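S.K.: So here's entry_9.cif, just mmCIF, C-alpha atoms:
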data_upload
#
loop_
_atom_site.group_PDB
_atom_site.id
_atom_site.type_symbol
_atom_site.label_atom_id
_atom_site.label_comp_id
_atom_site.auth_asym_id
_atom_site.auth_seq_id
_atom_site.Cartn_x
_atom_site.Cartn_y
_atom_site.Cartn_z
ATOM 1 C CA MET R 1 0.000 0.000 0.000
ATOM 2 C CA GLU R 2 2.856 2.360 0.844
ATOM 3 C CA ASN R 3 4.436 1.805 -2.577
ATOM 4 C CA THR R 4 1.098 2.461 -4.292
ATOM 5 C CA GLN R 5 0.711 5.714 -2.363
ATOM 6 C CA SER R 6 4.232 6.728 -3.393
ATOM 7 C CA ASN R 7 3.495 6.024 -7.050
ATOM 8 C CA ILE R 8 0.284 8.027 -6.871
ATOM 9 C CA ARG R 9 2.133 10.968 -5.338
ATOM 10 C CA ALA R 10 4.864 10.683 -7.945
ATOM 11 C CA ALA R 11 2.269 10.670 -10.727
ATOM 12 C CA ALA R 12 0.585 13.753 -9.250
ATOM 13 C CA TRP R 13 3.878 15.681 -9.097
ATOM 14 C CA MET R 14 4.761 14.579 -12.624
ATOM 15 C CA MET R 15 1.400 15.647 -14.016
ATOM 16 C CA ALA R 16 1.955 19.041 -12.386
ATOM 17 C CA SER R 17 5.363 19.248 -14.063
ATOM 18 C CA ILE R 18 3.924 18.361 -17.471
ATOM 19 C CA ALA R 19 1.204 20.977 -17.092
ATOM 20 C CA LEU R 20 3.761 23.626 -16.133
ATOM 21 C CA LEU R 21 6.073 22.788 -19.054
ATOM 22 C CA LEU R 22 3.190 22.985 -21.520
ATOM 23 C CA LEU R 23 2.073 26.290 -20.012
ATOM 24 C CA MET R 24 5.637 27.534 -20.366
ATOM 25 C CA ALA R 25 5.580 26.679 -24.077
ATOM 26 C CA VAL R 26 2.280 28.508 -24.584
ATOM 27 C CA ALA R 27 3.481 31.524 -22.594
ATOM 28 C CA GLY R 28 6.774 31.568 -24.492
ATOM 29 C CA ARG R 29 5.051 31.577 -27.851
ATOM 30 C CA SER R 30 2.671 34.355 -26.763
ATOM 31 C CA LEU R 31 5.500 36.530 -25.431
ATOM 32 C CA THR R 32 7.898 36.126 -28.341
ATOM 33 C CA ARG R 33 5.284 37.465 -30.718
ATOM 34 C CA GLU R 34 5.728 40.913 -29.153
ATOM 35 C CA ILE R 35 9.045 41.017 -27.309
ATOM 36 C CA ASP R 36 12.489 39.646 -28.085
ATOM 37 C CA VAL R 37 13.596 36.221 -26.843
ATOM 38 C CA PHE R 38 16.520 37.790 -24.940
ATOM 39 C CA GLN R 39 14.116 39.981 -22.981
ATOM 40 C CA VAL R 40 11.772 37.060 -22.278
ATOM 41 C CA MET R 41 14.638 35.035 -20.841
ATOM 42 C CA GLU R 42 15.925 37.911 -18.695
ATOM 43 C CA MET R 43 12.508 38.695 -17.228
ATOM 44 C CA ARG R 44 11.912 35.015 -16.566
ATOM 45 C CA SER R 45 15.194 34.649 -14.652
ATOM 46 C CA VAL R 46 14.837 37.811 -12.565
ATOM 47 C CA ILE R 47 11.200 37.231 -11.593
ATOM 48 C CA ALA R 48 11.753 33.514 -10.961
ATOM 49 C CA PHE R 49 14.612 34.371 -8.573
ATOM 50 C CA PHE R 50 12.162 36.120 -6.251
ATOM 51 C CA MET R 51 9.682 33.271 -6.638
ATOM 52 C CA LEU R 52 12.409 30.850 -5.506
ATOM 53 C CA LEU R 53 13.217 32.755 -2.294
ATOM 54 C CA PRO R 54 10.717 30.853 -0.081
ATOM 55 C CA LEU R 55 12.505 27.588 -0.951
ATOM 56 C CA VAL R 56 15.878 29.231 -0.322
ATOM 57 C CA ARG R 57 14.661 30.432 3.076
ATOM 58 C CA ARG R 58 13.367 26.961 3.916
ATOM 59 C CA GLU R 59 16.812 25.465 3.218
ATOM 60 C CA GLY R 60 18.600 27.928 5.507
ATOM 61 C CA GLY R 61 18.778 31.193 3.618
ATOM 62 C CA PHE R 62 21.467 32.646 1.386
ATOM 63 C CA LYS R 63 24.318 31.195 3.471
ATOM 64 C CA SER R 64 23.130 27.699 2.596
ATOM 65 C CA MET R 65 23.370 28.560 -1.107
ATOM 66 C CA ARG R 66 27.165 28.865 -1.007
ATOM 67 C CA THR R 67 28.911 26.495 -3.392
ATOM 68 C CA GLY R 68 32.454 25.369 -3.871
ATOM 69 C CA ILE R 69 31.975 24.534 -7.552
ATOM 70 C CA LEU R 70 30.893 27.894 -8.963
ATOM 71 C CA PRO R 71 32.855 27.443 -12.248
ATOM 72 C CA ALA R 72 30.834 24.272 -12.923
ATOM 73 C CA HIS R 73 27.612 26.199 -12.302
ATOM 74 C CA ILE R 74 28.751 28.910 -14.715
ATOM 75 C CA GLY R 75 29.618 26.398 -17.436
ATOM 76 C CA ARG R 76 26.364 24.521 -16.999
ATOM 77 C CA ASN R 77 24.298 27.689 -17.196
ATOM 78 C CA LEU R 78 26.054 29.107 -20.232
ATOM 79 C CA ALA R 79 25.037 25.918 -22.043
ATOM 80 C CA HIS R 80 21.521 26.005 -20.587
ATOM 81 C CA TYR R 81 21.094 29.663 -21.556
ATOM 82 C CA ILE R 82 21.976 28.916 -25.178
ATOM 83 C CA GLY R 83 19.611 25.931 -25.158
ATOM 84 C CA GLN R 84 16.765 27.990 -23.702
ATOM 85 C CA PHE R 85 17.253 30.694 -26.319
ATOM 86 C CA ALA R 86 17.194 28.172 -29.172
ATOM 87 C CA TRP R 87 14.174 26.362 -27.694
ATOM 88 C CA LEU R 88 12.147 29.573 -27.398
ATOM 89 C CA MET R 89 13.225 30.652 -30.877
ATOM 90 C CA GLY R 90 12.132 27.275 -32.224
ATOM 91 C CA LEU R 91 8.649 27.810 -30.795
ATOM 92 C CA THR R 92 8.243 30.761 -33.140
ATOM 93 C CA LEU R 93 9.275 28.772 -36.221
ATOM 94 C CA ILE R 94 7.844 25.229 -36.095
ATOM 95 C CA PRO R 95 4.800 23.488 -34.568
ATOM 96 C CA MET R 96 4.885 22.973 -30.814
ATOM 97 C CA ALA R 97 4.716 19.173 -31.052
ATOM 98 C CA GLN R 98 7.805 19.115 -33.279
ATOM 99 C CA VAL R 99 9.697 21.282 -30.781
ATOM 100 C CA ILE R 100 8.866 18.913 -27.915
ATOM 101 C CA ALA R 101 9.598 15.774 -29.956
ATOM 102 C CA ILE R 102 13.026 16.999 -31.071
ATOM 103 C CA GLU R 103 13.746 18.153 -27.506
ATOM 104 C CA PHE R 104 13.478 14.520 -26.404
ATOM 105 C CA THR R 105 16.634 13.700 -28.383
ATOM 106 C CA ALA R 106 18.617 15.415 -25.617
ATOM 107 C CA PRO R 107 19.014 12.213 -23.514
ATOM 108 C CA ILE R 108 20.400 10.485 -26.627
ATOM 109 C CA TRP R 109 23.107 13.133 -27.111
ATOM 110 C CA ALA R 110 23.749 13.029 -23.348
ATOM 111 C CA ALA R 111 24.367 9.257 -23.524
ATOM 112 C CA LEU R 112 26.934 9.772 -26.280
ATOM 113 C CA MET R 113 28.653 12.564 -24.337
ATOM 114 C CA ALA R 114 28.693 10.539 -21.130
ATOM 115 C CA ALA R 115 30.397 7.699 -22.994
ATOM 116 C CA ALA R 116 32.910 10.042 -24.609
ATOM 117 C CA PHE R 117 33.763 12.287 -21.661
ATOM 118 C CA LEU R 118 32.663 10.556 -18.445
ATOM 119 C CA GLY R 119 33.770 7.050 -19.303
ATOM 120 C CA GLU R 120 30.256 5.585 -19.055
ATOM 121 C CA ARG R 121 29.735 2.324 -20.921
ATOM 122 C CA LEU R 122 27.765 2.574 -24.171
ATOM 123 C CA THR R 123 25.586 -0.552 -23.874
ATOM 124 C CA TRP R 124 23.683 -2.187 -26.705
ATOM 125 C CA ARG R 125 20.450 -0.844 -25.243
ATOM 126 C CA LYS R 126 21.819 2.693 -25.378
ATOM 127 C CA GLY R 127 22.923 1.998 -28.943
ATOM 128 C CA VAL R 128 19.397 0.942 -29.916
ATOM 129 C CA ALA R 129 17.974 4.066 -28.252
ATOM 130 C CA ILE R 130 20.414 6.256 -30.180
ATOM 131 C CA LEU R 131 19.536 4.609 -33.511
ATOM 132 C CA PHE R 132 15.804 4.988 -32.836
ATOM 133 C CA GLY R 133 16.290 8.619 -31.921
ATOM 134 C CA LEU R 134 18.346 9.402 -35.017
ATOM 135 C CA ALA R 135 15.790 7.669 -37.233
ATOM 136 C CA GLY R 136 13.043 9.731 -35.603
ATOM 137 C CA VAL R 137 14.917 12.977 -36.221
ATOM 138 C CA VAL R 138 15.451 12.060 -39.894
ATOM 139 C CA LEU R 139 11.717 11.393 -40.310
ATOM 140 C CA ILE R 140 10.772 14.724 -38.725
ATOM 141 C CA LEU R 141 13.369 16.744 -40.646
ATOM 142 C CA ARG R 142 13.155 14.728 -43.922
ATOM 143 C CA PRO R 143 16.269 16.364 -45.451
ATOM 144 C CA GLY R 144 16.094 16.616 -49.227
ATOM 145 C CA SER R 145 12.317 16.248 -49.442
ATOM 146 C CA ALA R 146 11.717 19.998 -49.177
ATOM 147 C CA ALA R 147 13.403 23.202 -48.092
ATOM 148 C CA LEU R 148 14.656 22.539 -44.563
ATOM 149 C CA ASN R 149 12.961 24.713 -41.955
ATOM 150 C CA PRO R 150 15.663 26.453 -39.890
ATOM 151 C CA GLY R 151 13.450 25.938 -36.839
ATOM 152 C CA HIS R 152 14.210 22.204 -36.929
ATOM 153 C CA ILE R 153 17.963 22.813 -36.899
ATOM 154 C CA ILE R 154 17.656 25.412 -34.131
ATOM 155 C CA VAL R 155 15.674 23.066 -31.868
ATOM 156 C CA LEU R 156 18.001 20.161 -32.670
ATOM 157 C CA GLY R 157 20.848 22.435 -31.592
ATOM 158 C CA ALA R 158 18.920 23.254 -28.424
ATOM 159 C CA ALA R 159 18.582 19.547 -27.635
ATOM 160 C CA PHE R 160 22.310 19.048 -28.162
ATOM 161 C CA VAL R 161 23.190 21.942 -25.854
ATOM 162 C CA PHE R 162 20.648 20.726 -23.277
ATOM 163 C CA ALA R 163 22.556 17.434 -23.289
ATOM 164 C CA ILE R 164 25.700 19.314 -22.286
ATOM 165 C CA SER R 165 23.671 20.918 -19.509
ATOM 166 C CA PHE R 166 22.462 17.464 -18.382
ATOM 167 C CA ILE R 167 26.020 16.175 -18.090
ATOM 168 C CA ALA R 168 27.001 19.238 -16.052
ATOM 169 C CA THR R 169 23.911 18.873 -13.853
ATOM 170 C CA LYS R 170 24.812 15.262 -13.130
ATOM 171 C CA PHE R 171 28.152 16.525 -11.796
ATOM 172 C CA LEU R 172 26.531 19.340 -9.770
ATOM 173 C CA THR R 173 24.031 17.043 -8.028
ATOM 174 C CA ARG R 174 26.898 15.162 -6.394
ATOM 175 C CA SER R 175 27.381 18.054 -3.969
ATOM 176 C CA ASP R 176 24.604 20.663 -4.438
ATOM 177 C CA SER R 177 20.851 20.464 -3.826
ATOM 178 C CA ALA R 178 18.223 21.033 -6.508
ATOM 179 C CA THR R 179 17.289 24.384 -4.948
ATOM 180 C CA LYS R 180 20.930 25.489 -4.963
ATOM 181 C CA ILE R 181 21.322 24.495 -8.619
ATOM 182 C CA ILE R 182 18.213 26.483 -9.591
ATOM 183 C CA PHE R 183 19.346 29.410 -7.382
ATOM 184 C CA TRP R 184 22.657 29.744 -9.214
ATOM 185 C CA MET R 185 20.971 29.108 -12.560
ATOM 186 C CA LEU R 186 18.732 32.134 -12.091
ATOM 187 C CA ILE R 187 21.556 34.377 -10.876
ATOM 188 C CA ILE R 188 24.033 33.405 -13.597
ATOM 189 C CA GLN R 189 21.497 33.570 -16.407
ATOM 190 C CA SER R 190 20.244 36.956 -15.161
ATOM 191 C CA VAL R 191 23.803 38.309 -15.328
ATOM 192 C CA VAL R 192 24.613 36.704 -18.682
ATOM 193 C CA GLY R 193 21.386 37.869 -20.289
ATOM 194 C CA LEU R 194 21.287 41.431 -18.921
ATOM 195 C CA VAL R 195 23.181 43.227 -21.696
ATOM 196 C CA PRO R 196 21.507 41.343 -24.609
ATOM 197 C CA ALA R 197 18.102 42.032 -23.031
ATOM 198 C CA LEU R 198 18.791 45.742 -22.533
ATOM 199 C CA ARG R 199 19.795 46.096 -26.181
ATOM 200 C CA VAL R 200 16.346 44.957 -27.348
ATOM 201 C CA TRP R 201 14.271 46.083 -24.360
ATOM 202 C CA VAL R 202 10.723 47.337 -24.837
ATOM 203 C CA TRP R 203 8.391 47.832 -21.914
ATOM 204 C CA PRO R 204 5.749 45.060 -22.005
ATOM 205 C CA SER R 205 2.129 46.025 -22.368
ATOM 206 C CA PRO R 206 -0.182 45.225 -19.408
ATOM 207 C CA ALA R 207 -1.687 42.331 -21.371
ATOM 208 C CA LEU R 208 1.699 40.564 -21.451
ATOM 209 C CA TRP R 209 2.391 40.562 -17.714
ATOM 210 C CA PRO R 210 0.271 37.487 -16.921
ATOM 211 C CA TRP R 211 2.277 35.577 -19.549
ATOM 212 C CA ILE R 212 5.558 36.887 -18.104
ATOM 213 C CA LEU R 213 4.625 35.757 -14.586
ATOM 214 C CA LEU R 214 3.438 32.423 -15.963
ATOM 215 C CA ILE R 215 6.663 31.659 -17.834
ATOM 216 C CA ALA R 216 8.734 32.624 -14.791
ATOM 217 C CA PHE R 217 6.716 30.408 -12.465
ATOM 218 C CA SER R 218 6.257 27.434 -14.779
ATOM 219 C CA GLY R 219 9.830 27.400 -16.059
ATOM 220 C CA THR R 220 11.221 27.262 -12.523
ATOM 221 C CA PHE R 221 8.845 25.046 -10.605
ATOM 222 C CA ALA R 222 8.320 22.409 -13.308
ATOM 223 C CA HIS R 223 11.753 21.069 -12.409
ATOM 224 C CA TYR R 224 10.960 21.222 -8.701
ATOM 225 C CA CYS R 225 7.906 19.047 -9.405
ATOM 226 C CA ILE R 226 10.095 16.547 -11.296
ATOM 227 C CA ALA R 227 12.450 16.367 -8.314
ATOM 228 C CA LYS R 228 9.512 15.721 -5.971
ATOM 229 C CA ALA R 229 8.181 13.009 -8.291
ATOM 230 C CA LEU R 230 11.558 11.273 -8.322
ATOM 231 C CA PHE R 231 11.607 11.441 -4.516
ATOM 232 C CA HIS R 232 8.402 9.369 -4.331
ATOM 233 C CA ALA R 233 9.205 6.795 -7.042
ATOM 234 C CA ASP R 234 11.999 5.481 -9.261
ATOM 235 C CA ALA R 235 12.779 7.143 -12.581
ATOM 236 C CA THR R 236 11.508 4.016 -14.357
ATOM 237 C CA VAL R 237 8.061 4.890 -13.011
ATOM 238 C CA VAL R 238 8.268 8.662 -13.278
ATOM 239 C CA MET R 239 10.030 9.579 -16.510
ATOM 240 C CA PRO R 240 7.826 7.680 -19.020
ATOM 241 C CA MET R 241 5.007 9.970 -17.876
ATOM 242 C CA ASP R 242 6.942 12.925 -19.308
ATOM 243 C CA TYR R 243 6.449 11.485 -22.790
ATOM 244 C CA LEU R 244 2.821 12.563 -22.522
ATOM 245 C CA ARG R 245 4.099 16.034 -23.381
ATOM 246 C CA VAL R 246 4.410 15.045 -27.051
ATOM 247 C CA PRO R 247 0.750 14.133 -27.738
ATOM 248 C CA LEU R 248 -0.477 16.828 -25.342
ATOM 249 C CA SER R 249 1.625 19.480 -27.091
ATOM 250 C CA ALA R 250 0.215 18.285 -30.420
ATOM 251 C CA LEU R 251 -3.303 18.670 -28.996
ATOM 252 C CA LEU R 252 -2.515 22.142 -27.661
ATOM 253 C CA GLY R 253 -0.987 23.140 -30.993
ATOM 254 C CA TYR R 254 -4.113 21.985 -32.795
ATOM 255 C CA LEU R 255 -6.570 23.662 -30.399
ATOM 256 C CA LEU R 256 -4.705 26.959 -29.923
ATOM 257 C CA TYR R 257 -2.831 27.456 -33.198
ATOM 258 C CA ALA R 258 -4.544 25.104 -35.690
ATOM 259 C CA GLU R 259 -1.262 23.211 -36.152
ATOM 260 C CA GLY R 260 -1.568 19.895 -37.915
ATOM 261 C CA ILE R 261 0.800 16.948 -37.408
ATOM 262 C CA ASP R 262 1.741 14.896 -40.453
ATOM 263 C CA ASN R 263 2.356 11.146 -40.396
ATOM 264 C CA PHE R 264 6.141 11.519 -40.659
ATOM 265 C CA THR R 265 6.270 13.707 -37.553
ATOM 266 C CA ALA R 266 4.020 11.321 -35.627
ATOM 267 C CA VAL R 267 6.139 8.270 -36.524
ATOM 268 C CA GLY R 268 9.390 10.165 -35.904
ATOM 269 C CA ALA R 269 8.217 11.283 -32.455
ATOM 270 C CA GLY R 270 7.155 7.719 -31.693
ATOM 271 C CA LEU R 271 10.627 6.401 -32.575
ATOM 272 C CA ILE R 272 12.349 9.005 -30.387
ATOM 273 C CA LEU R 273 10.124 8.203 -27.422
ATOM 274 C CA ALA R 274 10.375 4.449 -27.983
ATOM 275 C CA GLY R 275 14.156 4.674 -27.975
ATOM 276 C CA ASN R 276 14.165 6.635 -24.733
ATOM 277 C CA LEU R 277 11.704 4.240 -23.120
ATOM 278 C CA PHE R 278 13.687 1.171 -24.244
ATOM 279 C CA ASN R 279 16.850 2.577 -22.687
ATOM 280 C CA LEU R 280 14.991 3.666 -19.536
ATOM 281 C CA ARG R 281 13.631 0.166 -18.956
ATOM 282 C CA ARG R 282 17.032 -1.473 -18.881
ATOM 283 C CA ALA R 283 17.578 -3.734 -15.901
ATOM 284 C CA GLY R 284 18.515 -1.986 -12.685
ATOM 285 C CA THR R 285 17.799 1.526 -13.954
ATOM 286 C CA ASN R 286 16.696 3.988 -11.327
ATOM 287 C CA ARG R 287 17.984 7.258 -12.734
ATOM 288 C CA ILE R 288 17.664 9.015 -16.057
ATOM 289 C CA GLU R 289 18.161 12.579 -17.161
ATOM 290 C CA ALA R 290 15.007 14.298 -18.395
ATOM 291 C CA PRO R 291 14.688 17.032 -20.979
ATOM 292 C CA THR R 292 14.766 20.405 -19.374
ATOM 293 C CA THR R 293 13.715 23.849 -20.501
#
Starting from the coordinates I provided, produce the structure as structure tokens.

M.R.:
Amino acid sequence: MENTQSNIRAAAWMMASIALLLLMAVAGRSLTREIDVFQVMEMRSVIAFFMLLPLVRREGGFKSMRTGILPAHIGRNLAHYIGQFAWLMGLTLIPMAQVIAIEFTAPIWAALMAAAFLGERLTWRKGVAILFGLAGVVLILRPGSAALNPGHIIVLGAAFVFAISFIATKFLTRSDSATKIIFWMLIIQSVVGLVPALRVWVWPSPALWPWILLIAFSGTFAHYCIAKALFHADATVVMPMDYLRVPLSALLGYLLYAEGIDNFTAVGAGLILAGNLFNLRRAGTNRIEAPTT
């Protein structure tokens, strides 16, 4: 009974995370129609910092946020900042479901990087997952069949850079808490993005402020919800739920923006998710890196 209760709690936290990530995508698309991506990212980081303060206070205040691996935080967040920018830019160029599907290639690139740089063994299951993921990307992009949409390349680049961020996060979690990682993420990205944001700054209209607050809240606390879900259940239970974002984003794209999904995109997304799920279900697995935005 206790395990069932834990799985139910994990599912509830994961559903909250999925809802927040989808809301972030909708808010991001609404904002980038009127203000520059650099400004969106800066406002998100600054506002989210103040939203995070109750969690910082609960963990002991600013003194508890000290870290001995600040260079690693800086490196991780430079990569994450670039990935965020590309992800938000992609939302303005291609259907939402394609953005989310391509984003899910990030664990595949992370597996290759972990094998190359961290000495992790590249098992046959990981190899199958990588092949499935690459086949899925080819089906979605279909190079040579038509003029390639730059949005696909931008989001694929975002997924690759997110993979670098995943590898860095794996290192950071050995010594720093999730709250501390988010704390330094918001500070570093606020500093990095200040000058680019000021160069394109326009004061948002009153109608945009609900979207600004929404993207700040959802973009920060979605990852807190994932952490809570993983506290209540193993990753093998939790992370497959995240794949619901692909069909749900397709539904949102259809309802809100009249975006259709062709058969190639549907099959390609299915291959990417199947590859991730196959790798996730390997014997003894209890951890996996999830896509992050």

S.K.: Might you pull out every residue within 12 Å of Ala16 of chain R, with only C-alpha atoms counted and same-chain residues fewer than 5 positions away left off, and present them as number ranges by chain?

M.R.: R: 9-11, 21-23, 218, 221-229, 241-242, 245

S.K.: Just so the selection is clear, what residues does the PyMOL selection byres ((chain R and resi 204-210) around 12) cover here, as a short mmCIF file (atom, residue, chain, number, x, y, z; two decimals) with C-alpha atoms, in the coordinates of the input?

M.R.:
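Below is the file that was written, expr_38.cif:
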data_model
loop_
_atom_site.label_atom_id
_atom_site.label_comp_id
_atom_site.auth_asym_id
_atom_site.auth_seq_id
_atom_site.Cartn_x
_atom_site.Cartn_y
_atom_site.Cartn_z
CA LEU R 23 2.07 26.29 -20.01
CA MET R 24 5.64 27.53 -20.37
CA VAL R 26 2.28 28.51 -24.58
CA ALA R 27 3.48 31.52 -22.59
CA GLY R 28 6.77 31.57 -24.49
CA ARG R 29 5.05 31.58 -27.85
CA SER R 30 2.67 34.35 -26.76
CA LEU R 31 5.50 36.53 -25.43
CA THR R 32 7.90 36.13 -28.34
CA ARG R 33 5.28 37.47 -30.72
CA GLU R 34 5.73 40.91 -29.15
CA ILE R 35 9.04 41.02 -27.31
CA ASP R 36 12.49 39.65 -28.08
CA GLN R 39 14.12 39.98 -22.98
CA VAL R 40 11.77 37.06 -22.28
CA MET R 43 12.51 38.70 -17.23
CA ARG R 44 11.91 35.02 -16.57
CA ILE R 47 11.20 37.23 -11.59
CA VAL R 200 16.35 44.96 -27.35
CA TRP R 201 14.27 46.08 -24.36
CA VAL R 202 10.72 47.34 -24.84
CA TRP R 203 8.39 47.83 -21.91
CA TRP R 211 2.28 35.58 -19.55
CA ILE R 212 5.56 36.89 -18.10
CA LEU R 213 4.62 35.76 -14.59
CA LEU R 214 3.44 32.42 -15.96
CA ILE R 215 6.66 31.66 -17.83
CA ALA R 216 8.73 32.62 -14.79
CA PHE R 217 6.72 30.41 -12.46
CA SER R 218 6.26 27.43 -14.78
#

S.K.: With distances taken over all atoms listed in the file, which residue among R:Ile167, R:Ala135, R:Ala158, R:Leu55 lies nearest Ala111 of chain R?

M.R.: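 That would be R:Ile167, the residue with the smallest distance to Ala111 of chain R.
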
S.K.: Please list as a list in words every residue within 10 Å of Val128 of chain R, counting all atoms listed in the file and excluding residues in the same chain fewer than 5 positions away.

M.R.: Thr123, Gly133, Leu134, Ala274, Gly275, Asn276, Phe278 and Asn279 of chain R

S.K.: From the options R:Gln98, R:Ile181, R:Val192, R:Glu103, which residue's atoms come nearest to Asn149 of chain R, counting all atoms listed in the file?

M.R.: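 For Asn149 of chain R, the nearest of the given residues is R:Gln98.
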
S.K.: Fewer than 3 positions away in the same chain doesn't count, so skip those; otherwise give me all residues within 7 Å of segment 59-74 of chain R, counting only C-alpha atoms, as a ChimeraX atom specification.

M.R.: /R:55-56,77-78,180,184,188

S.K.: Nearest to Ser249 of chain R: which of R:Asn263, R:Arg76, R:Val99, R:Gly136 is it, counting only C-alpha atoms?

M.R.: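 Checking each candidate against Ser249 of chain R, we get R:Val99 as the closest.
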